[in-house]
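Q: Structure incoming, see below.
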Amino acid sequence: MLMLILFLFSIQEPEPFCPLGSATGMGNGVREGQVDFRGQDVEPTASAHLPAEGIQEQKNVLNSLMSGALAGAVAKTAVAPLDRTKIMFQVSSKRFSAKEAYRLIYHTYLNEGFWSLWRGNSATMVRVIPYAAIQFCAHEEYKQLLGSYYGFQGKALTPFPRFIAGSLAGTTAAMLTYPLDMVRARMAVTPKEMYSNIVHVFIRISREEGLKTLYRGFTPTILGVIPYAGLSFFTYETLKKLHADHSGKSQPSPPERLLFGACAGLIGQSASYPLDVVRRRMQTAGVMGHTYSSILLTMQEIIREEGLIRGLYKGLSMNWVKGPIAVGISFTTFDLTQILLRKLQHSTNVER
């Protein structure tokens with residue numbers, strides 16, 4: 001995993017190649033399409049262009065899916081121990097502190113072994129890979145749609161459409177992958193004897209608690225992902241645009257991308273954190289001895305038992321460490337993978 005990250009960091013954005021003309025679109029990476037008429041007497045026709053444009057669009061979608069999947073896998077694996085620790089505090093009534101978090105990690109390591117710190121990461125990967133692939137791909141598509149609608153095709157979106165594109169992308173991904181998030185949360189907070197694998201979690205929940213349980217906590221998830229994804233993509237895209245405007249460089253360096261992504265993660269996760277706590281409580285209620293019937297009742301019980309700040313913002317300080325790292329790695333990996341795939345496509349086209 002470390003070698004993969006170092007390899008991606010060595011990739012630099014190639015200079016745009018425009019034999020006679022090019023069409024570009026503002027993305028996390030820059031979509032590029034080229035027109036090259038090699039014959040002097042050949043007149044381009046609509047029937048010749050349409051298949052080529054369709055193929056290029058399919059390649060763009062596939063590249064976004066692949067880049068997003070890799071970005072999610074790398075980022076979540078890097079912070080899996082911290083993520084598991086955060087969830088365990090979120091779903092319990094224990095008071096959070098850095099010292100207690102360290103004790104929990106160390107205790108888990110001593111009693112269950114080093115790899116137990118990544119328990120539930122297989123379920124995380126099953127959920128994160130499609131989630132990240134859908135989210136990043138949807139973001140690229142929503143930006144194109146909103147760019148066409150608002151008349152910004154080929155240019156950076158204005159702030160409001162930029163936020164909407166991120167929110168829609170996050171909502172789309174969350175709706176399509178939610179049961180996997182539920183399973184991942186269950187595996188993170190239960191002993192390994194309770195659930196042997198992902199399929200076992202699905203079977204036991206369906207049999208003992210009903211299929212509706214797989215969507216418990218769905219509403220706070222969607223309400224939380226709207227500001228989280230919206231602000232994350234908005235912040236990252238805005239910082240990249242400001243960098244381009246003030247530095248004169250079309251693309252930031254990998255460390256700058258990491259920094260921009262970290263800022264995006266810090267802002268996005270801080271804004272949506274209380275709903276994240278509510279979501280985790282509702283997801284794990286069946287195995288933690290609680291019954292939560294709605295978002296408001298869950299919030300009321302948390303505040304009554306643990307207080308407003310200590311309850312709804314429990315583990316936020318850990319998220320300020322974990323979140324920026326994960327989001328920074330995710331955005332950076334996506335961008336650099338997009339650049340690498342474009343390079344490979346370009347070299348293949350040149351060889352032809």
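Going by the structure tokens order, chains are called A, B, ..., each with residues numbered from 1, while ligands are numbered from 1 in the order shown.
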Name all residues at most 12 Å from Ala80 of chain A (count only C-alpha atoms; drop same-chain ones fewer than 5 positions away) and give them as a VMD selection string.

A: chain A and resid 72 to 75 85 to 87 105 115 to 125 128 184 188 319 322 to 323 325 to 326

Q: With a cut-off of 9 Å, could you pull out the residues of segment 209-251 of chain A touching segment 277-283 of chain A and give me the nearest pair of atoms for each, distance in Å to one decimal, using only C-alpha atoms, ordered by chain and ascending number, as CSV?

A:
residue,atom,partner,partner_atom,distance
A:Thr213,CA,A:Gln283,CA,7.9
A:Leu214,CA,A:Gln283,CA,8.1
A:Tyr215,CA,A:Gln283,CA,8.1
A:Arg216,CA,A:Gln283,CA,5.6
A:Gly217,CA,A:Arg279,CA,4.8
A:Phe218,CA,A:Arg279,CA,7.4
A:Thr219,CA,A:Arg279,CA,8.2
A:Pro220,CA,A:Arg279,CA,5.6
A:Thr221,CA,A:Arg279,CA,6.0
A:Gly224,CA,A:Arg279,CA,8.8

Q: Write the residues of the preceding selection, restricted to all heavy atoms, as an mmCIF file, in the first residue's frame.

A:
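Result saved to result_29.cif:
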data_model
loop_
_atom_site.group_PDB
_atom_site.id
_atom_site.type_symbol
_atom_site.label_atom_id
_atom_site.label_comp_id
_atom_site.auth_asym_id
_atom_site.auth_seq_id
_atom_site.Cartn_x
_atom_site.Cartn_y
_atom_site.Cartn_z
ATOM 1 N N THR A 213 -33.930 -3.718 9.357
ATOM 2 C CA THR A 213 -32.793 -3.319 10.193
ATOM 3 C C THR A 213 -31.598 -2.914 9.342
ATOM 4 O O THR A 213 -30.785 -2.078 9.761
ATOM 5 C CB THR A 213 -32.393 -4.483 11.130
ATOM 6 O OG1 THR A 213 -33.530 -4.857 11.899
ATOM 7 C CG2 THR A 213 -31.275 -4.076 12.068
ATOM 8 N N LEU A 214 -31.476 -3.493 8.159
ATOM 9 C CA LEU A 214 -30.353 -3.154 7.275
ATOM 10 C C LEU A 214 -30.381 -1.693 6.852
ATOM 11 O O LEU A 214 -29.373 -1.164 6.380
ATOM 12 C CB LEU A 214 -30.358 -4.056 6.036
ATOM 13 C CG LEU A 214 -30.056 -5.535 6.279
ATOM 14 C CD1 LEU A 214 -30.279 -6.342 5.007
ATOM 15 C CD2 LEU A 214 -28.629 -5.711 6.781
ATOM 16 N N TYR A 215 -31.540 -1.037 7.017
ATOM 17 C CA TYR A 215 -31.655 0.382 6.664
ATOM 18 C C TYR A 215 -31.890 1.259 7.897
ATOM 19 O O TYR A 215 -32.288 2.414 7.768
ATOM 20 C CB TYR A 215 -32.766 0.589 5.636
ATOM 21 C CG TYR A 215 -32.339 0.198 4.246
ATOM 22 C CD1 TYR A 215 -32.486 -1.113 3.803
ATOM 23 C CD2 TYR A 215 -31.741 1.115 3.396
ATOM 24 C CE1 TYR A 215 -32.070 -1.494 2.538
ATOM 25 C CE2 TYR A 215 -31.328 0.753 2.125
ATOM 26 C CZ TYR A 215 -31.486 -0.548 1.701
ATOM 27 O OH TYR A 215 -31.064 -0.920 0.450
ATOM 28 N N ARG A 216 -31.630 0.697 9.083
ATOM 29 C CA ARG A 216 -31.748 1.510 10.293
ATOM 30 C C ARG A 216 -30.632 2.555 10.305
ATOM 31 O O ARG A 216 -29.462 2.238 10.109
ATOM 32 C CB ARG A 216 -31.645 0.623 11.531
ATOM 33 C CG ARG A 216 -31.821 1.394 12.836
ATOM 34 C CD ARG A 216 -31.698 0.457 14.020
ATOM 35 N NE ARG A 216 -32.838 -0.472 14.083
ATOM 36 C CZ ARG A 216 -32.807 -1.620 14.763
ATOM 37 N NH1 ARG A 216 -31.721 -1.995 15.397
ATOM 38 N NH2 ARG A 216 -33.882 -2.382 14.786
ATOM 39 N N GLY A 217 -30.994 3.803 10.547
ATOM 40 C CA GLY A 217 -30.015 4.885 10.521
ATOM 41 C C GLY A 217 -29.837 5.501 9.142
ATOM 42 O O GLY A 217 -28.960 6.344 8.938
ATOM 43 N N PHE A 218 -30.686 5.089 8.184
ATOM 44 C CA PHE A 218 -30.555 5.583 6.811
ATOM 45 C C PHE A 218 -30.815 7.089 6.716
ATOM 46 O O PHE A 218 -30.071 7.812 6.044
ATOM 47 C CB PHE A 218 -31.528 4.826 5.906
ATOM 48 C CG PHE A 218 -31.498 5.271 4.470
ATOM 49 C CD1 PHE A 218 -30.442 4.934 3.645
ATOM 50 C CD2 PHE A 218 -32.532 6.042 3.940
ATOM 51 C CE1 PHE A 218 -30.410 5.349 2.323
ATOM 52 C CE2 PHE A 218 -32.516 6.456 2.622
ATOM 53 C CZ PHE A 218 -31.445 6.099 1.809
ATOM 54 N N THR A 219 -31.855 7.561 7.415
ATOM 55 C CA THR A 219 -32.205 8.985 7.330
ATOM 56 C C THR A 219 -31.097 9.896 7.854
ATOM 57 O O THR A 219 -30.709 10.853 7.158
ATOM 58 C CB THR A 219 -33.528 9.271 8.071
ATOM 59 O OG1 THR A 219 -34.561 8.446 7.526
ATOM 60 C CG2 THR A 219 -33.918 10.737 7.937
ATOM 61 N N PRO A 220 -30.542 9.651 9.061
ATOM 62 C CA PRO A 220 -29.435 10.516 9.496
ATOM 63 C C PRO A 220 -28.210 10.398 8.595
ATOM 64 O O PRO A 220 -27.428 11.354 8.478
ATOM 65 C CB PRO A 220 -29.125 10.026 10.913
ATOM 66 C CG PRO A 220 -29.726 8.674 11.022
ATOM 67 C CD PRO A 220 -30.916 8.694 10.126
ATOM 68 N N THR A 221 -28.034 9.246 7.961
ATOM 69 C CA THR A 221 -26.918 9.096 7.025
ATOM 70 C C THR A 221 -27.061 10.058 5.855
ATOM 71 O O THR A 221 -26.122 10.772 5.500
ATOM 72 C CB THR A 221 -26.844 7.647 6.495
ATOM 73 O OG1 THR A 221 -26.589 6.773 7.588
ATOM 74 C CG2 THR A 221 -25.744 7.505 5.467
ATOM 75 N N GLY A 224 -26.723 13.617 6.921
ATOM 76 C CA GLY A 224 -25.334 13.939 7.222
ATOM 77 C C GLY A 224 -24.458 14.007 6.002
ATOM 78 O O GLY A 224 -23.521 14.816 5.938
#

Q: In terms of the shortest atom-to-atom distance over only C-alpha atoms, which of A:Leu146, A:Met194, A:Leu180, A:Ala132 is closest to Pro159 of chain A?

A: A:Leu146
